[in-house]
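Next up, upload_3.pdb (PDB, C-alpha atoms):
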```
ATOM      1  CA  MET K   1       0.000   0.000   0.000
ATOM      2  CA  TRP K   2       1.562   3.262  -1.138
ATOM      3  CA  LEU K   3       0.326   5.205   1.898
ATOM      4  CA  SER K   4       2.056   2.812   4.291
ATOM      5  CA  LYS K   5       5.291   3.096   2.327
ATOM      6  CA  PHE K   6       5.026   6.884   2.323
ATOM      7  CA  ALA K   7       4.383   6.875   6.086
ATOM      8  CA  VAL K   8       7.492   4.832   6.799
ATOM      9  CA  SER K   9       9.678   7.022   4.582
ATOM     10  CA  PHE K  10       8.167  10.258   5.923
ATOM     11  CA  VAL K  11       8.817   9.733   9.646
ATOM     12  CA  PRO K  12      11.322   6.872  10.117
ATOM     13  CA  ALA K  13      12.707   8.286  13.406
ATOM     14  CA  GLN K  14       9.298   8.492  15.081
ATOM     15  CA  LEU K  15       8.463   4.893  14.212
ATOM     16  CA  THR K  16      11.323   3.591  16.343
ATOM     17  CA  SER K  17      11.202   6.185  19.108
ATOM     18  CA  SER K  18       9.096   6.172  22.264
ATOM     19  CA  TYR K  19       9.236   9.972  22.631
ATOM     20  CA  TRP K  20       6.207  10.874  20.528
ATOM     21  CA  LEU K  21       4.248   7.626  20.392
ATOM     22  CA  PRO K  22       4.234   4.173  22.051
ATOM     23  CA  GLU K  23       6.420   1.452  20.611
ATOM     24  CA  PRO K  24       4.960   0.283  17.265
ATOM     25  CA  ASN K  25       4.219  -3.444  17.617
ATOM     26  CA  SER K  26       1.687  -4.103  14.853
ATOM     27  CA  THR K  27       1.326  -3.716  11.112
ATOM     28  CA  PHE K  28      -1.064  -0.783  11.664
ATOM     29  CA  ALA K  29       1.596   1.317  13.393
ATOM     30  CA  PRO K  30       3.488   2.650  10.323
ATOM     31  CA  GLU K  31       0.378   4.054   8.668
ATOM     32  CA  VAL K  32      -1.209   5.399  11.871
ATOM     33  CA  ASP K  33       2.046   6.986  13.009
ATOM     34  CA  GLY K  34       2.806   8.332   9.566
ATOM     35  CA  LEU K  35      -0.556  10.093   9.349
ATOM     36  CA  PHE K  36      -0.223  11.385  12.901
ATOM     37  CA  MET K  37       3.207  12.859  12.254
ATOM     38  CA  PHE K  38       2.132  14.263   8.882
ATOM     39  CA  ILE K  39      -0.729  16.179  10.550
ATOM     40  CA  PHE K  40       1.545  17.209  13.419
ATOM     41  CA  TRP K  41       4.289  18.691  11.231
ATOM     42  CA  LEU K  42       1.720  20.219   8.864
ATOM     43  CA  SER K  43       0.187  21.957  11.879
ATOM     44  CA  VAL K  44       3.602  23.113  13.068
ATOM     45  CA  PHE K  45       4.393  24.508   9.605
ATOM     46  CA  PHE K  46       1.170  26.530   9.344
ATOM     47  CA  PHE K  47       1.383  27.661  12.971
ATOM     48  CA  VAL K  48       4.856  29.075  12.400
ATOM     49  CA  LEU K  49       3.840  30.547   9.036
ATOM     50  CA  ILE K  50       0.669  32.263  10.292
ATOM     51  CA  VAL K  51       2.138  33.527  13.568
ATOM     52  CA  GLY K  52       5.308  34.651  11.788
ATOM     53  CA  LEU K  53       3.382  36.568   9.138
ATOM     54  CA  GLY K  54       1.090  38.025  11.773
ATOM     55  CA  VAL K  55       4.030  39.361  13.779
ATOM     56  CA  TYR K  56       5.793  40.601  10.612
ATOM     57  CA  PHE K  57       2.763  42.534   9.314
ATOM     58  CA  ALA K  58       1.940  43.891  12.764
ATOM     59  CA  LEU K  59       5.422  45.365  12.975
ATOM     60  CA  LYS K  60       5.698  46.458   9.335
ATOM     61  CA  TYR K  61       2.341  48.218   9.162
ATOM     62  CA  ARG K  62       2.092  49.497  12.708
ATOM     63  CA  ARG K  63       0.953  53.098  12.999
ATOM     64  CA  VAL K  64       3.778  55.514  13.758
ATOM     65  CA  GLY K  65       2.840  59.060  14.777
ATOM     66  CA  THR K  66      -0.384  60.781  13.770
ATOM     67  CA  THR K  67       0.477  62.404  10.425
ATOM     68  CA  GLU K  68       0.876  59.250   8.327
ATOM     69  CA  VAL K  69      -1.436  59.166   5.298
ATOM     70  CA  VAL K  70      -3.263  55.854   4.762
ATOM     71  CA  VAL K  71      -2.740  54.613   1.198
ATOM     72  CA  PRO K  72      -5.623  52.594  -0.266
ATOM     73  CA  SER K  73      -4.672  49.022  -1.193
ATOM     74  CA  SER K  74      -6.160  46.394  -3.488
ATOM     75  CA  SER K  75      -9.455  45.040  -2.177
ATOM     76  CA  HIS K  76      -9.453  41.833  -4.179
ATOM     77  CA  ASN K  77      -6.811  39.315  -5.363
ATOM     78  CA  THR K  78      -8.271  36.266  -7.115
ATOM     79  CA  ALA K  79      -4.988  34.351  -7.284
ATOM     80  CA  LEU K  80      -4.277  34.852  -3.568
ATOM     81  CA  GLU K  81      -7.786  33.828  -2.532
ATOM     82  CA  ALA K  82      -7.685  30.745  -4.776
ATOM     83  CA  THR K  83      -4.325  29.766  -3.304
ATOM     84  CA  TRP K  84      -5.413  29.908   0.346
ATOM     85  CA  SER K  85      -8.612  28.031  -0.539
ATOM     86  CA  LEU K  86      -7.276  25.298  -2.844
ATOM     87  CA  ILE K  87      -4.173  24.343  -0.844
ATOM     88  CA  PRO K  88      -6.104  23.619   2.407
ATOM     89  CA  THR K  89      -8.782  21.788   0.393
ATOM     90  CA  ALA K  90      -6.142  19.589  -1.249
ATOM     91  CA  LEU K  91      -4.554  18.869   2.147
ATOM     92  CA  ILE K  92      -7.950  17.902   3.573
ATOM     93  CA  PHE K  93      -8.477  15.417   0.742
ATOM     94  CA  VAL K  94      -4.994  13.956   1.289
ATOM     95  CA  ILE K  95      -5.639  13.518   5.024
ATOM     96  CA  PHE K  96      -9.102  12.063   4.413
ATOM     97  CA  GLY K  97      -7.879   9.622   1.764
ATOM     98  CA  TRP K  98      -4.935   8.521   3.870
ATOM     99  CA  GLY K  99      -7.153   7.989   6.909
ATOM    100  CA  PHE K 100      -9.927   6.274   4.940
ATOM    101  CA  VAL K 101      -7.595   3.692   3.449
ATOM    102  CA  GLY K 102      -6.211   2.924   6.906
ATOM    103  CA  PHE K 103      -9.721   2.760   8.400
ATOM    104  CA  VAL K 104     -10.911   0.254   5.790
ATOM    105  CA  ASP K 105      -7.832  -1.892   6.443
ATOM    106  CA  MET K 106      -8.474  -1.834  10.200
ATOM    107  CA  ARG K 107     -12.121  -2.832   9.719
ATOM    108  CA  THR K 108     -11.476  -5.723   7.309
ATOM    109  CA  PRO K 109     -10.068  -8.708   9.219
ATOM    110  CA  PRO K 110      -8.404 -11.396   7.140
ATOM    111  CA  GLU K 111      -9.765 -14.930   6.941
ATOM    112  CA  ASN K 112      -8.317 -17.719   9.096
ATOM    113  CA  ALA K 113      -7.185 -15.284  11.788
ATOM    114  CA  TYR K 114      -6.562 -16.408  15.369
ATOM    115  CA  GLU K 115      -9.824 -15.619  17.210
ATOM    116  CA  VAL K 116     -10.313 -14.707  20.859
ATOM    117  CA  GLN K 117     -13.684 -14.066  22.522
ATOM    118  CA  VAL K 118     -13.671 -10.971  24.772
ATOM    119  CA  ASN K 119     -16.123 -10.227  27.550
ATOM    120  CA  ALA K 120     -15.995  -6.904  29.418
ATOM    121  CA  LYS K 121     -17.710  -5.998  32.654
ATOM    122  CA  LYS K 122     -17.263  -3.506  35.473
ATOM    123  CA  TRP K 123     -14.346  -3.663  35.973
ATOM    124  CA  ALA K 124     -12.591  -6.638  34.398
ATOM    125  CA  TRP K 125     -11.703  -8.281  31.104
ATOM    126  CA  ASN K 126     -12.214 -11.958  30.311
ATOM    127  CA  PHE K 127     -10.591 -13.612  27.277
ATOM    128  CA  THR K 128     -11.747 -17.015  26.011
ATOM    129  CA  TYR K 129      -9.313 -18.888  23.765
ATOM    130  CA  PRO K 130      -9.819 -21.685  21.223
ATOM    131  CA  GLY K 131     -10.449 -24.779  23.319
ATOM    132  CA  GLY K 132     -12.419 -22.886  25.967
ATOM    133  CA  LEU K 133      -9.685 -21.842  28.409
ATOM    134  CA  GLN K 134     -10.218 -18.380  29.892
ATOM    135  CA  ASP K 135      -7.806 -15.857  31.344
ATOM    136  CA  SER K 136      -7.880 -12.198  32.321
ATOM    137  CA  ASP K 137      -4.732 -11.445  30.283
ATOM    138  CA  LEU K 138      -4.527 -11.501  26.495
ATOM    139  CA  HIS K 139      -2.119 -14.056  24.964
ATOM    140  CA  LEU K 140      -1.350 -13.741  21.234
ATOM    141  CA  PRO K 141       0.875 -15.305  18.563
ATOM    142  CA  VAL K 142       3.395 -13.088  16.780
ATOM    143  CA  ASP K 143       3.237 -12.520  13.011
ATOM    144  CA  GLN K 144      -0.311 -13.830  12.807
ATOM    145  CA  PRO K 145      -3.515 -11.784  12.449
ATOM    146  CA  THR K 146      -5.790 -11.926  15.481
ATOM    147  CA  VAL K 147      -9.504 -11.105  15.671
ATOM    148  CA  LEU K 148     -11.165 -10.147  18.950
ATOM    149  CA  THR K 149     -14.938 -10.736  19.050
ATOM    150  CA  MET K 150     -16.106  -8.492  21.892
ATOM    151  CA  THR K 151     -19.214  -7.833  23.951
ATOM    152  CA  SER K 152     -20.058  -6.287  27.318
ATOM    153  CA  ASP K 153     -22.210  -7.509  30.211
ATOM    154  CA  ASP K 154     -23.172  -4.070  31.486
ATOM    155  CA  VAL K 155     -22.104  -0.681  30.111
ATOM    156  CA  ILE K 156     -20.042   0.511  27.163
ATOM    157  CA  HIS K 157     -16.334  -0.188  27.529
ATOM    158  CA  SER K 158     -13.547   0.374  25.000
ATOM    159  CA  LEU K 159     -10.566  -1.890  24.416
ATOM    160  CA  PHE K 160      -7.358  -0.051  23.507
ATOM    161  CA  ILE K 161      -3.878  -1.497  22.955
ATOM    162  CA  PRO K 162      -1.613   1.523  22.329
ATOM    163  CA  ALA K 163       1.332  -0.482  20.976
ATOM    164  CA  PHE K 164      -0.946  -2.033  18.332
ATOM    165  CA  ARG K 165      -2.693   1.281  17.468
ATOM    166  CA  ALA K 166      -5.942  -0.672  17.877
ATOM    167  CA  LYS K 167      -9.097   0.503  19.662
ATOM    168  CA  MET K 168     -12.772  -0.474  19.562
ATOM    169  CA  ASP K 169     -15.842   0.106  21.738
ATOM    170  CA  VAL K 170     -17.241  -2.934  23.550
ATOM    171  CA  VAL K 171     -21.028  -2.599  23.645
ATOM    172  CA  PRO K 172     -23.642  -4.582  25.610
ATOM    173  CA  GLY K 173     -26.124  -6.558  23.522
ATOM    174  CA  ARG K 174     -23.977  -6.794  20.381
ATOM    175  CA  TYR K 175     -20.632  -8.059  19.093
ATOM    176  CA  ASN K 176     -17.891  -5.791  17.757
ATOM    177  CA  LYS K 177     -14.774  -7.102  16.075
ATOM    178  CA  LEU K 178     -11.245  -5.723  16.328
ATOM    179  CA  TRP K 179      -8.264  -7.157  14.508
ATOM    180  CA  PHE K 180      -4.518  -6.518  14.401
ATOM    181  CA  HIS K 181      -1.313  -8.231  13.381
ATOM    182  CA  PRO K 182       1.352  -8.253  16.148
ATOM    183  CA  THR K 183       4.889  -7.950  14.831
ATOM    184  CA  LYS K 184       7.018  -8.211  17.964
ATOM    185  CA  THR K 185       7.100 -10.591  20.923
ATOM    186  CA  GLY K 186       6.945  -9.201  24.440
ATOM    187  CA  GLU K 187       4.573  -7.565  26.908
ATOM    188  CA  ASN K 188       2.142  -4.746  26.135
ATOM    189  CA  VAL K 189      -0.644  -2.991  28.044
ATOM    190  CA  LEU K 190      -4.391  -3.020  27.408
ATOM    191  CA  PHE K 191      -6.703  -0.257  28.688
ATOM    192  CA  CYS K 192     -10.390   0.540  28.882
ATOM    193  CA  THR K 193     -10.760   4.008  27.363
ATOM    194  CA  GLU K 194     -14.506   4.525  27.841
ATOM    195  CA  TYR K 195     -15.380   5.825  31.299
ATOM    196  CA  CYS K 196     -17.367   2.998  32.910
ATOM    197  CA  GLY K 197     -17.672   3.915  36.565
ATOM    198  CA  ARG K 198     -15.806   4.155  39.833
ATOM    199  CA  GLU K 199     -12.946   1.729  39.114
ATOM    200  CA  HIS K 200     -12.528   2.564  35.410
ATOM    201  CA  SER K 201      -8.869   3.516  35.855
ATOM    202  CA  GLY K 202      -8.054   0.044  37.182
ATOM    203  CA  MET K 203      -9.506  -1.776  34.182
ATOM    204  CA  ASN K 204      -6.210  -2.566  32.477
ATOM    205  CA  ARG K 205      -4.541  -5.870  31.710
ATOM    206  CA  LYS K 206      -1.410  -7.208  30.035
ATOM    207  CA  VAL K 207      -1.024  -8.400  26.456
ATOM    208  CA  PHE K 208       1.615 -11.079  25.893
ATOM    209  CA  VAL K 209       2.871 -11.885  22.386
ATOM    210  CA  TYR K 210       4.700 -15.189  21.859
ATOM    211  CA  GLU K 211       6.674 -16.967  19.175
ATOM    212  CA  GLU K 212       4.939 -19.751  17.230
ATOM    213  CA  GLY K 213       3.496 -22.326  19.624
ATOM    214  CA  GLY K 214       4.017 -20.076  22.635
ATOM    215  CA  VAL K 215       0.326 -19.290  23.186
ATOM    216  CA  GLU K 216      -0.657 -22.951  23.361
ATOM    217  CA  LYS K 217       2.229 -23.669  25.722
ATOM    218  CA  LYS K 218       1.305 -20.764  28.007
ATOM    219  CA  LEU K 219      -2.374 -21.722  28.125
ATOM    220  CA  ALA K 220      -1.433 -25.314  28.943
ATOM    221  CA  GLU K 221       0.768 -24.023  31.792
ATOM    222  CA  ILE K 222      -2.124 -21.917  33.132
ATOM    223  CA  GLN K 223      -4.409 -24.952  33.020
ATOM    224  CA  GLU K 224      -1.868 -27.187  34.763
ATOM    225  CA  THR K 225      -1.179 -24.571  37.448
ATOM    226  CA  MET K 226      -4.878 -24.142  38.156
ATOM    227  CA  ASP K 227      -5.364 -27.895  38.486
ATOM    228  CA  LYS K 228      -2.538 -28.255  41.016
ATOM    229  CA  MET K 229      -3.043 -25.059  43.030
ATOM    230  CA  ASP K 230      -4.419 -24.921  46.554
ATOM    231  CA  PRO K 231      -8.098 -23.820  46.311
ATOM    232  CA  ALA K 232      -7.690 -20.743  48.527
ATOM    233  CA  GLU K 233      -4.585 -19.653  46.598
ATOM    234  CA  LEU K 234      -6.411 -20.133  43.294
ATOM    235  CA  GLY K 235      -9.302 -18.116  44.721
ATOM    236  CA  LYS K 236      -6.949 -15.286  45.675
ATOM    237  CA  ILE K 237      -5.588 -15.144  42.123
ATOM    238  CA  THR K 238      -9.110 -15.283  40.663
ATOM    239  CA  PHE K 239     -10.178 -12.507  43.049
ATOM    240  CA  THR K 240      -7.397 -10.300  41.660
ATOM    241  CA  LYS K 241      -7.492 -11.184  37.968
ATOM    242  CA  SER K 242     -11.271 -11.397  37.482
ATOM    243  CA  GLY K 243     -11.940  -7.911  38.785
ATOM    244  CA  CYS K 244     -13.480  -8.869  42.172
ATOM    245  CA  MET K 245     -10.989  -6.601  43.948
ATOM    246  CA  GLN K 246     -12.433  -3.559  42.187
ATOM    247  CA  CYS K 247     -15.712  -3.878  44.102
ATOM    248  CA  HIS K 248     -14.909  -5.955  47.194
ATOM    249  CA  SER K 249     -12.195  -5.158  49.737
ATOM    250  CA  ILE K 250     -10.399  -7.647  51.982
ATOM    251  CA  ASP K 251      -9.627  -5.164  54.770
ATOM    252  CA  GLY K 252     -13.157  -4.435  55.977
ATOM    253  CA  SER K 253     -13.615  -1.159  54.052
ATOM    254  CA  LYS K 254     -16.852  -0.631  52.137
ATOM    255  CA  LYS K 255     -16.610  -0.355  48.347
ATOM    256  CA  VAL K 256     -19.164  -0.968  45.608
ATOM    257  CA  GLY K 257     -19.932  -4.320  47.226
ATOM    258  CA  PRO K 258     -19.506  -5.812  50.728
ATOM    259  CA  SER K 259     -16.011  -6.475  52.082
ATOM    260  CA  PHE K 260     -14.965 -10.146  52.115
ATOM    261  CA  LEU K 261     -13.110  -9.787  55.402
ATOM    262  CA  GLY K 262     -14.959 -11.881  58.012
ATOM    263  CA  LEU K 263     -17.965 -12.245  55.686
ATOM    264  CA  PHE K 264     -18.286 -16.027  55.589
ATOM    265  CA  GLY K 265     -20.691 -17.472  58.130
ATOM    266  CA  THR K 266     -22.305 -14.131  59.014
ATOM    267  CA  THR K 267     -25.989 -13.232  58.644
ATOM    268  CA  HIS K 268     -27.027 -10.251  56.540
ATOM    269  CA  ASP K 269     -30.183  -8.520  55.378
ATOM    270  CA  ILE K 270     -31.050  -8.538  51.680
ATOM    271  CA  THR K 271     -33.158  -6.033  49.756
ATOM    272  CA  THR K 272     -36.318  -8.197  50.057
ATOM    273  CA  GLY K 273     -36.195  -7.823  53.837
ATOM    274  CA  GLU K 274     -35.117 -11.416  54.422
ATOM    275  CA  LYS K 275     -31.985 -12.494  56.235
ATOM    276  CA  ILE K 276     -29.429 -14.809  54.646
ATOM    277  CA  THR K 277     -26.381 -16.658  55.930
ATOM    278  CA  VAL K 278     -23.241 -16.228  53.877
ATOM    279  CA  ASP K 279     -22.332 -19.844  53.157
ATOM    280  CA  GLU K 280     -21.006 -21.801  50.178
ATOM    281  CA  ASN K 281     -24.367 -21.863  48.409
ATOM    282  CA  TYR K 282     -24.945 -18.128  48.796
ATOM    283  CA  ILE K 283     -21.465 -17.264  47.496
ATOM    284  CA  ARG K 284     -21.880 -19.578  44.500
ATOM    285  CA  GLU K 285     -25.308 -18.130  43.722
ATOM    286  CA  SER K 286     -23.962 -14.572  44.026
ATOM    287  CA  ILE K 287     -21.212 -15.348  41.498
ATOM    288  CA  LEU K 288     -23.530 -16.955  38.938
ATOM    289  CA  GLU K 289     -26.821 -15.127  39.644
ATOM    290  CA  PRO K 290     -25.854 -11.898  41.429
ATOM    291  CA  MET K 291     -29.331 -10.340  41.123
ATOM    292  CA  ALA K 292     -31.018 -13.191  43.006
ATOM    293  CA  LYS K 293     -30.214 -11.982  46.524
ATOM    294  CA  ILE K 294     -28.813  -8.441  46.794
ATOM    295  CA  ALA K 295     -27.271  -7.324  50.085
ATOM    296  CA  ALA K 296     -29.155  -4.481  51.712
ATOM    297  CA  GLY K 297     -27.451  -1.113  51.342
ATOM    298  CA  TYR K 298     -25.815  -1.928  48.005
ATOM    299  CA  ASN K 299     -26.887  -1.228  44.423
ATOM    300  CA  PRO K 300     -27.559  -4.159  42.044
ATOM    301  CA  GLN K 301     -24.464  -3.672  39.898
ATOM    302  CA  MET K 302     -22.588  -6.972  39.950
ATOM    303  CA  PRO K 303     -22.490  -8.777  36.577
ATOM    304  CA  SER K 304     -22.858 -12.541  36.287
ATOM    305  CA  TYR K 305     -19.772 -14.711  35.882
ATOM    306  CA  LYS K 306     -21.774 -17.648  34.530
ATOM    307  CA  GLY K 307     -19.772 -19.337  31.785
ATOM    308  CA  GLN K 308     -16.710 -17.211  32.523
ATOM    309  CA  LEU K 309     -15.288 -18.931  35.609
ATOM    310  CA  ARG K 310     -14.521 -22.632  35.761
ATOM    311  CA  GLU K 311     -15.964 -24.689  38.589
ATOM    312  CA  LYS K 312     -12.523 -24.934  40.151
ATOM    313  CA  GLN K 313     -12.218 -21.137  40.177
ATOM    314  CA  ILE K 314     -15.613 -20.768  41.870
ATOM    315  CA  GLU K 315     -14.583 -23.323  44.492
ATOM    316  CA  GLY K 316     -11.345 -21.397  44.909
ATOM    317  CA  LEU K 317     -13.187 -18.113  45.522
ATOM    318  CA  ILE K 318     -15.347 -19.799  48.159
ATOM    319  CA  ALA K 319     -12.233 -21.189  49.865
ATOM    320  CA  TYR K 320     -10.528 -17.787  49.728
ATOM    321  CA  ILE K 321     -13.507 -15.995  51.299
ATOM    322  CA  LYS K 322     -13.561 -18.688  53.980
ATOM    323  CA  SER K 323      -9.892 -18.042  54.704
ATOM    324  CA  LEU K 324     -10.630 -14.333  55.201
ATOM    325  CA  LYS K 325     -13.046 -15.286  57.985
ATOM    326  CA  ASN K 326     -10.145 -16.870  59.803
ATOM    327  CA  SER K 327      -7.989 -13.768  59.137
ATOM    328  CA  SER K 328     -10.561 -11.480  60.777
ATOM    329  CA  SER K 329     -10.695 -13.557  63.937
ATOM    330  CA  LYS K 330      -6.974 -13.362  64.606
TER     331      LYS K 330
END
```
Mind turning this structure into structure tokens?
Amino acid sequence: MWLSKFAVSFVPAQLTSSYWLPEPNSTFAPEVDGLFMFIFWLSVFFFVLIVGLGVYFALKYRRVGTTEVVVPSSSHNTALEATWSLIPTALIFVIFGWGFVGFVDMRTPPENAYEVQVNAKKWAWNFTYPGGLQDSDLHLPVDQPTVLTMTSDDVIHSLFIPAFRAKMDVVPGRYNKLWFHPTKTGENVLFCTEYCGREHSGMNRKVFVYEEGGVEKKLAEIQETMDKMDPAELGKITFTKSGCMQCHSIDGSKKVGPSFLGLFGTTHDITTGEKITVDENYIRESILEPMAKIAAGYNPQMPSYKGQLREKQIEGLIAYIKSLKNSSSK
């Protein structure tokens, strides 16, 4: 694509520097960065030109004394007016064409791409890989196009990976697709860039890019670790990586939801006026059907984790909350 080639030749220093933009780790980066730098330097050029001419004419034609005779000047110059109209118009068409070609490329995923299902909720990400394994971090193969099929359980979120120059809104009730082609192995950062509530700023995860076969190996390691891990330890990791910590504290402080410290075994009121005992069944129900029994004094905001946590992870969360009961009694 000629625009991509022009972008690379126009701003080669910026494409390898972290001063202006994040490290470019996808095939989209050259064109996005090239257009960005083109607009930036174009703006700098016209800023200097307009301010410079403004200062020059202000000084040259400033009024000196009170006896100077004002000489009439030309009121119309067709060539000048055509110049300052046609040049900006041509630049607008260049910018639009450049951006449109890049936009079409970003919205046309190739066939046979590596596909990951993405589920967003306040305030966590969940990624489901081929084979059904889920993780809160994104694991990708290098030099292979990847398609993310994304939806939200609650409000609008927006997935943004700066190093890939890739961003797309994640909307409840529909699926949006985002694709990119990673070009470098290593670790990157993923953000939510649509304000989604109190813990929006904490809704970020890591993106790992591996050599060929590395994703499958990493997912197998995650599976094996989960199978061998102590339930309470697995629950602690799930509590952190699945976004539970955004709404529930473990130190007794009140957040969006009740604190887990000393919660297990206690009796609480729910919004229907009934009393419930926090036991294994209640915790399991609250994870899978959070609207069934809502604790009094809290808003019904928790999304369901049905189909997103494995049975072993749910058992781990129950064991972890149990262990916090013991911590509070010490």
Each range 173-261 of chain K residue no farther than 12 Å from range 285-292 of chain K, nearest pair in Å, all atoms listed in the file, as a tab-separated table:
```
residue	atom	partner	partner_atom	distance
K:Phe239	CA	K:Ile287	CA	11.5
K:Ser242	CA	K:Ile287	CA	11.4
K:Cys244	CA	K:Ile287	CA	10.1
K:Gly257	CA	K:Pro290	CA	11.2
K:Pro258	CA	K:Ser286	CA	11.9
```
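Rounded to one decimal, CA of Glu187 in chain K and CA of Asp227 in chain K lie 25.4 Å from each other.
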Which residues are close to Gly307 in chain K, i.e. within 12 Å by all atoms listed in the file, leaving aside same-chain residues fewer than 5 positions away? Reply as a PDB file with C-alpha atoms, in the coordinates of the input.
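Saved result, selection_34.pdb, follows:
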```pdb
ATOM      1  CA  ASN K 119     -16.123 -10.227  27.550  1.00  0.00           C
ATOM      2  CA  ASN K 126     -12.214 -11.958  30.311  1.00  0.00           C
ATOM      3  CA  PHE K 127     -10.591 -13.612  27.277  1.00  0.00           C
ATOM      4  CA  THR K 128     -11.747 -17.015  26.011  1.00  0.00           C
ATOM      5  CA  GLY K 132     -12.419 -22.886  25.967  1.00  0.00           C
ATOM      6  CA  LEU K 133      -9.685 -21.842  28.409  1.00  0.00           C
ATOM      7  CA  GLN K 134     -10.218 -18.380  29.892  1.00  0.00           C
ATOM      8  CA  ILE K 287     -21.212 -15.348  41.498  1.00  0.00           C
ATOM      9  CA  LEU K 288     -23.530 -16.955  38.938  1.00  0.00           C
ATOM     10  CA  GLU K 289     -26.821 -15.127  39.644  1.00  0.00           C
ATOM     11  CA  GLN K 313     -12.218 -21.137  40.177  1.00  0.00           C
ATOM     12  CA  ILE K 314     -15.613 -20.768  41.870  1.00  0.00           C
TER      13      ILE K 314
END
```
Once the PyMOL selection byres ((chain K and resi 151-162) around 6) has been applied to the shown file, what residues remain in the selection, as a PDB file with C-alpha atoms, in the frame of the given file?
```
ATOM      1  CA  ASN K 119     -16.123 -10.227  27.550  1.00  0.00           C
ATOM      2  CA  ALA K 120     -15.995  -6.904  29.418  1.00  0.00           C
ATOM      3  CA  LYS K 121     -17.710  -5.998  32.654  1.00  0.00           C
ATOM      4  CA  MET K 150     -16.106  -8.492  21.892  1.00  0.00           C
ATOM      5  CA  ALA K 163       1.332  -0.482  20.976  1.00  0.00           C
ATOM      6  CA  PHE K 164      -0.946  -2.033  18.332  1.00  0.00           C
ATOM      7  CA  ARG K 165      -2.693   1.281  17.468  1.00  0.00           C
ATOM      8  CA  ALA K 166      -5.942  -0.672  17.877  1.00  0.00           C
ATOM      9  CA  LYS K 167      -9.097   0.503  19.662  1.00  0.00           C
ATOM     10  CA  MET K 168     -12.772  -0.474  19.562  1.00  0.00           C
ATOM     11  CA  ASP K 169     -15.842   0.106  21.738  1.00  0.00           C
ATOM     12  CA  VAL K 170     -17.241  -2.934  23.550  1.00  0.00           C
ATOM     13  CA  VAL K 171     -21.028  -2.599  23.645  1.00  0.00           C
ATOM     14  CA  PRO K 172     -23.642  -4.582  25.610  1.00  0.00           C
ATOM     15  CA  TYR K 175     -20.632  -8.059  19.093  1.00  0.00           C
ATOM     16  CA  LEU K 190      -4.391  -3.020  27.408  1.00  0.00           C
ATOM     17  CA  PHE K 191      -6.703  -0.257  28.688  1.00  0.00           C
ATOM     18  CA  CYS K 192     -10.390   0.540  28.882  1.00  0.00           C
ATOM     19  CA  THR K 193     -10.760   4.008  27.363  1.00  0.00           C
ATOM     20  CA  GLU K 194     -14.506   4.525  27.841  1.00  0.00           C
TER      21      GLU K 194
END
```
Just to confirm, what's the straight-line distance from CA of Thr238 in chain K to CA of Asp269 in chain K in Å (one decimal)?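 For CA of Thr238 in chain K relative to CA of Asp269 in chain K, the distance reads 26.6 Å.
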- [ ] Determine the residue membership of the PyMOL selection byres ((chain K and resi 199) around 12) for the file above and supply it as number ranges by chain.
- [x] K: 121-124, 192, 194-198, 200-204, 243-248, 255-256
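Between His139 in chain K and the residues K:Tyr282, K:Phe93, K:Tyr56, K:Tyr210, the shortest atom-to-atom distance, using all atoms listed in the file, involves K:Tyr210.
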Got a sec to resolve the PyMOL selection byres ((chain K and resi 98-102) around 8) on this structure and send the residues as a JSON list (two decimals) with C-alpha atoms, keeping the file's coordinate frame?
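Written out: result_15.json:
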```json
[["chain", "number", "residue", "atom", "x", "y", "z"],
["K", 3, "LEU", "CA", 0.33, 5.20, 1.90],
["K", 28, "PHE", "CA", -1.06, -0.78, 11.66],
["K", 31, "GLU", "CA", 0.38, 4.05, 8.67],
["K", 32, "VAL", "CA", -1.21, 5.40, 11.87],
["K", 35, "LEU", "CA", -0.56, 10.09, 9.35],
["K", 94, "VAL", "CA", -4.99, 13.96, 1.29],
["K", 95, "ILE", "CA", -5.64, 13.52, 5.02],
["K", 96, "PHE", "CA", -9.10, 12.06, 4.41],
["K", 97, "GLY", "CA", -7.88, 9.62, 1.76],
["K", 103, "PHE", "CA", -9.72, 2.76, 8.40],
["K", 104, "VAL", "CA", -10.91, 0.25, 5.79],
["K", 105, "ASP", "CA", -7.83, -1.89, 6.44],
["K", 106, "MET", "CA", -8.47, -1.83, 10.20]]
```
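Between Pro110 in chain K and the residues K:Gln144, K:Thr185, K:Gln308, K:Thr266, the shortest atom-to-atom distance, using all atoms listed in the file, involves K:Gln144.
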Practice item. To one decimal in Å, tell me the separation between CA of Leu178 in chain K and CA of Met37 in chain K. Key: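 These atoms are spaced 23.9 Å apart.
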- Could you check which of K:Ala295, K:Val147, K:Val116, K:Val207 is closest to Lys184 in chain K, using all atoms listed in the file?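 Of the candidates, the smallest distance to Lys184 in chain K is held by K:Val207.
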Min atom-atom distance to Lys241 in chain K from the set K:Val44, K:Val278, K:Leu317, K:Val215, counting all atoms listed in the file, belongs to K:Leu317
Can you tell me, as JSON, the centre and edge lengths (Å, one decimal) of the axis-aligned box enclosing all of range 213-221 of chain K's listed atoms after padding each side by 8 Å?
```
{"center_x": 0.8, "center_y": -22.3, "center_z": 25.7, "size_x": 22.4, "size_y": 22.0, "size_z": 28.2}
```
